[in-house]
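K.L.:
The structure under discussion is supplied below as structure tokens; questions concerning it will follow.
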Amino acid sequence: MLSIIDKYILKRYLATFSVMLLMFIPIGITIDVSEKVNKMIENHVPFSAIARYYVDFTIYFANLLFPIFLFLSIIWFTSKLANNTEIIAILSSGISFTRFLRPYIIGATLVSIFALIMGFFLVPRASEGFKNFRYDYLIGNGINEKRDNSDVYRQINKEEYIYVSNYNSTSKMAFNFSMERFEKDKLKYKVSASRIKWNAKDSSYTLFDYKKRKVGALGDIIEIAAKKDTVFKFDLEDLTPVVYIAETLSYGDLVRFIAKERERGSTNINVYLVVLYKKYSIPVSAFILTIIAVAVSSMKRRGGMGINLAIGILLAFAYVFLDKVFGVLAEKATTPPIIAVWIPNIVFGILAIYLLRNAKR
């Protein structure tokens with residue numbers, strides 16, 4: 001059963017966090033509108049598209065800045081409790097600091113469950129709408145920029161590999177196409193073409209400047225044609241997925257997509273894994289940041305709430321900075337994604353233990 005003090009602190013925890021979100025999101029929307037309004041007017045963006053964009057914007061950035069909002073809201077109301085000597089009164093009544101933390105941990109549990117559900121289902125949809133709007137209306141012509149179109153090399157099954165030097169998603173055409181089939185590490189045949197075009201009507205392909213070399217024991221067999229229609233077991237558009245595709249998939253779809261991309265030998269697999277692991281690391285950060293915020297702000301300081309907020313802002317942005325830096329390292333370098341994603345939580349988890357031990361004293 002929750003005591004009166006538990007209910008009081010838990011109510012303040014959730015209310016302050018909610019108010020913090022409601023305060024900063026309109027500010028973020030206002031800044032975003034001021035930056036993009038000229039581009040929207042130039043491109044004659046429909047009002048309905050703008051309205052959907054800012055709904056997605058709200059969800060997307062609430063999730064992105066979740067650690068900062070949570071951290072600052074806890075420091076805010078805990079500092080007020082400390083300045084009003086409420087914390088001293090609570091601890092003087094015989095309640096230990098660990099017991100005092102209980103409503104905070106309950107609040108962190110509720111917030112982390114909400115963040116987990118958001119990350120699994122709501123944020124992917126919001127990310128898709130947010131990113132699509134930017135590419136369709138604000139960045140270049142949108143269609144080609146949002147796809148990884150150049151030098152695409154994929155393993156489409158256990159025996160076959162495919163390559164295109166460039167892909168145009170408007171014409172459904174790829175250039176410098178080649179497909180190689182291996183059996184027991186030996187090349188069986190290679191198909192090449194200067195261009196390959198997807199025909200949506202009958203799900204076939206047209207190859208221009210077609211050439212097929214079949215490797216034989218006594219000699220190669222070469223087949224050449226100026227144009228050839230054929231069928232392959234892949235969708236040409238699957239070769240060039242949207243660069244932010246992982247962010248737009250729900251948890252189950254993302255796991256299946258990563259498994260599929262592993263088989264294809266995708267070079268972007270680390271990018272996809274970073275997105276997957278962050279779905280767990282962000283909710284866990286709610287507990288770590290809650291403990292740090294309470295430890296920092298539960299002490300009555302000479303500078304009052306301002307000192308606590310300054311420390312909180314510094315630590316919150318340090319967490320976000322580490323998160324971004326190691327996320328990029330995982331995507332671009334050889335750092336294992338699971339390690340890179342969890343390093344901020346590990347570092348701040350150690351800091352939380354240290355600060356908590358000092359606060360108990």
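A note on labels: chains of the structure tokens are A, B, ... as shown, every chain counts residues from 1, and ligands are counted from 1 in their shown order.
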So which residues of region 95-344 of chain A fall under strand (DSSP E or B) by DSSP, listed as a VMD selection string?
P.N.:
chain A and resid 147 152 to 155 160 to 164 166 to 168 173 to 183 186 to 199 204 to 214 221 to 230 242
K.L.:
Those residues you just picked out, can you put them in a file as a tab-separated table (two decimals), in the first residue's frame with C-alpha atoms?
P.N.:
```
chain	number	residue	atom	x	y	z
A	147	ARG	CA	16.97	6.32	-50.23
A	152	VAL	CA	24.09	-1.17	-53.46
A	153	TYR	CA	25.46	-4.67	-52.88
A	154	ARG	CA	23.16	-7.28	-51.38
A	155	GLN	CA	23.02	-10.97	-50.66
A	160	GLU	CA	22.92	-15.23	-54.96
A	161	TYR	CA	24.46	-11.76	-54.73
A	162	ILE	CA	23.33	-8.64	-56.51
A	163	TYR	CA	24.84	-5.23	-57.22
A	164	VAL	CA	23.64	-1.94	-58.75
A	166	ASN	CA	22.73	3.55	-58.84
A	167	TYR	CA	18.95	3.34	-58.50
A	168	ASN	CA	16.21	5.76	-59.55
A	173	MET	CA	15.41	1.59	-62.94
A	174	ALA	CA	18.89	0.60	-61.71
A	175	PHE	CA	22.21	0.91	-63.52
A	176	ASN	CA	25.25	-1.35	-63.92
A	177	PHE	CA	23.36	-4.35	-62.63
A	178	SER	CA	25.03	-7.69	-61.91
A	179	MET	CA	23.91	-10.89	-60.21
A	180	GLU	CA	26.22	-13.76	-59.27
A	181	ARG	CA	25.24	-17.25	-58.18
A	182	PHE	CA	27.60	-19.42	-56.16
A	183	GLU	CA	27.34	-23.09	-55.25
A	186	LYS	CA	32.22	-21.68	-56.76
A	187	LEU	CA	30.78	-19.22	-59.27
A	188	LYS	CA	28.12	-20.91	-61.41
A	189	TYR	CA	26.98	-17.95	-63.50
A	190	LYS	CA	26.93	-14.18	-63.67
A	191	VAL	CA	24.23	-11.99	-65.18
A	192	SER	CA	25.02	-8.36	-66.03
A	193	ALA	CA	23.24	-5.45	-67.70
A	194	SER	CA	23.83	-1.75	-68.19
A	195	ARG	CA	20.26	-1.11	-66.95
A	196	ILE	CA	17.51	-3.08	-65.25
A	197	LYS	CA	13.92	-1.85	-65.13
A	198	TRP	CA	11.12	-3.10	-62.89
A	199	ASN	CA	7.80	-3.76	-64.64
A	204	SER	CA	9.08	-8.82	-64.28
A	205	TYR	CA	12.34	-7.07	-65.17
A	206	THR	CA	13.72	-5.77	-68.43
A	207	LEU	CA	17.49	-6.00	-68.79
A	208	PHE	CA	19.28	-3.82	-71.34
A	209	ASP	CA	22.64	-4.88	-72.83
A	210	TYR	CA	22.03	-8.27	-71.25
A	211	LYS	CA	24.92	-10.68	-70.82
A	212	LYS	CA	25.04	-14.04	-69.02
A	213	ARG	CA	28.23	-16.01	-68.47
A	214	LYS	CA	27.68	-19.60	-67.31
A	221	ILE	CA	28.81	-20.39	-72.14
A	222	ILE	CA	28.01	-16.78	-72.96
A	223	GLU	CA	24.53	-15.48	-73.78
A	224	ILE	CA	24.13	-11.90	-75.08
A	225	ALA	CA	21.04	-9.85	-75.96
A	226	ALA	CA	20.30	-6.16	-76.45
A	227	LYS	CA	17.15	-6.52	-74.34
A	228	LYS	CA	15.73	-9.37	-72.27
A	229	ASP	CA	12.64	-9.75	-70.08
A	230	THR	CA	12.95	-12.09	-67.11
A	242	VAL	CA	14.52	4.26	-47.13
```
K.L.:
If we count only C-alpha atoms and set the cut-off at 12 Å, which residues sit around region 42-45 of chain A, ignoring sequence neighbours fewer than 2 positions away in its own chain? Please answer as a list in words.
P.N.:
Lys36, Val37, Asn38, Lys39, Met40, Phe47, Ser48, Ala49, Ile50, Ala51, Arg52, Tyr53, Phe133, Arg134, Asp136, Tyr137, Leu138, Ile139, Gly140 and Asn141 of chain A
K.L.:
Given the selection you just returned, output its residues as a file containing C-alpha atoms, formatted as a PDB file, in the first residue's frame.
P.N.:
```pdb
ATOM      1  CA  LYS A  36      10.207  26.062 -41.938  1.00  0.00           C
ATOM      2  CA  VAL A  37       7.269  28.384 -42.659  1.00  0.00           C
ATOM      3  CA  ASN A  38       8.901  29.963 -45.746  1.00  0.00           C
ATOM      4  CA  LYS A  39       9.678  26.555 -47.248  1.00  0.00           C
ATOM      5  CA  MET A  40       6.144  25.350 -46.548  1.00  0.00           C
ATOM      6  CA  PHE A  47      -2.672  22.366 -44.126  1.00  0.00           C
ATOM      7  CA  SER A  48      -3.719  18.754 -43.408  1.00  0.00           C
ATOM      8  CA  ALA A  49      -0.135  17.589 -44.091  1.00  0.00           C
ATOM      9  CA  ILE A  50       1.223  20.297 -41.767  1.00  0.00           C
ATOM     10  CA  ALA A  51      -1.219  19.308 -39.016  1.00  0.00           C
ATOM     11  CA  ARG A  52      -0.216  15.625 -39.283  1.00  0.00           C
ATOM     12  CA  TYR A  53       3.444  16.632 -39.321  1.00  0.00           C
ATOM     13  CA  PHE A 133       7.314  15.254 -44.502  1.00  0.00           C
ATOM     14  CA  ARG A 134      10.837  16.641 -44.294  1.00  0.00           C
ATOM     15  CA  ASP A 136       8.874  15.249 -49.434  1.00  0.00           C
ATOM     16  CA  TYR A 137       8.427  18.959 -48.780  1.00  0.00           C
ATOM     17  CA  LEU A 138      11.613  20.419 -47.279  1.00  0.00           C
ATOM     18  CA  ILE A 139      14.683  18.569 -48.637  1.00  0.00           C
ATOM     19  CA  GLY A 140      15.432  18.562 -52.376  1.00  0.00           C
ATOM     20  CA  ASN A 141      12.987  16.503 -54.401  1.00  0.00           C
TER      21      ASN A 141
END
```
K.L.:
I'd like the contact shell of region 315-332 of chain A - 8 Å cut-off, only C-alpha atoms, skipping same-chain residues fewer than 5 positions apart - returned as a PyMOL selection string.
P.N.:
chain A and resi 67-68+71-72+268+270-271+274+337+340-341+343-344+348
K.L.:
Report as a Markdown table: every residue of region 19-137 of chain A with an atom at most 9 Å from region 354-360 of chain A, its closest pair of atoms, and their distance in Å to one decimal, counting only C-alpha atoms, with rows sorted by chain and ascending residue number.
P.N.:
```
| residue | atom | partner | partner_atom | distance |
| --- | --- | --- | --- | --- |
| A:Ser96 | CA | A:Lys360 | CA | 8.3 |
| A:Phe97 | CA | A:Lys360 | CA | 5.9 |
| A:Thr98 | CA | A:Lys360 | CA | 7.9 |
```
K.L.:
May I have the residues from that selection written out with all heavy atoms, as an mmCIF file, in the first residue's frame?
P.N.:
```cif
data_model
loop_
_atom_site.group_PDB
_atom_site.id
_atom_site.type_symbol
_atom_site.label_atom_id
_atom_site.label_comp_id
_atom_site.auth_asym_id
_atom_site.auth_seq_id
_atom_site.Cartn_x
_atom_site.Cartn_y
_atom_site.Cartn_z
ATOM 1 N N SER A 96 14.046 6.122 6.037
ATOM 2 C CA SER A 96 15.398 6.093 5.450
ATOM 3 C C SER A 96 15.376 6.717 4.060
ATOM 4 O O SER A 96 14.325 6.848 3.429
ATOM 5 C CB SER A 96 15.910 4.656 5.367
ATOM 6 O OG SER A 96 15.134 3.904 4.434
ATOM 7 N N PHE A 97 16.574 7.071 3.582
ATOM 8 C CA PHE A 97 16.661 7.670 2.258
ATOM 9 C C PHE A 97 16.237 6.667 1.181
ATOM 10 O O PHE A 97 15.614 7.036 0.186
ATOM 11 C CB PHE A 97 18.089 8.156 1.983
ATOM 12 C CG PHE A 97 18.194 9.079 0.801
ATOM 13 C CD1 PHE A 97 17.961 10.435 0.955
ATOM 14 C CD2 PHE A 97 18.509 8.596 -0.459
ATOM 15 C CE1 PHE A 97 18.051 11.300 -0.143
ATOM 16 C CE2 PHE A 97 18.600 9.445 -1.550
ATOM 17 C CZ PHE A 97 18.369 10.805 -1.382
ATOM 18 N N THR A 98 16.547 5.391 1.411
ATOM 19 C CA THR A 98 16.147 4.344 0.463
ATOM 20 C C THR A 98 14.629 4.242 0.381
ATOM 21 O O THR A 98 14.055 4.130 -0.706
ATOM 22 C CB THR A 98 16.739 2.986 0.876
ATOM 23 O OG1 THR A 98 18.163 3.103 0.962
ATOM 24 C CG2 THR A 98 16.381 1.912 -0.138
#
```
K.L.:
Nearest to Phe287 (chain A) among A:Ile5, A:Ile105, A:Val255, A:Leu122, with distances taken over only C-alpha atoms: which residue is it?
P.N.:
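Among the listed residues, the smallest separation from Phe287 (chain A) belongs to A:Ile105.
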K.L.:
Env of Ile25 (chain A): 9 Å cut, atoms = only C-alpha atoms, seq-sep filter 6 positions within chain, self excluded. Answer as an NGL selection string.
P.N.:
:A and (58 or 61-62)
K.L.:
Kindly save the residues from that selection, with C-alpha atoms included, as an mmCIF file, in the first residue's frame.
P.N.:
```cif
data_model
loop_
_atom_site.group_PDB
_atom_site.id
_atom_site.type_symbol
_atom_site.label_atom_id
_atom_site.label_comp_id
_atom_site.auth_asym_id
_atom_site.auth_seq_id
_atom_site.Cartn_x
_atom_site.Cartn_y
_atom_site.Cartn_z
ATOM 1 C CA THR A 58 5.332 16.176 -30.919
ATOM 2 C CA PHE A 61 10.698 14.972 -30.087
ATOM 3 C CA ALA A 62 9.017 14.012 -26.815
#
```
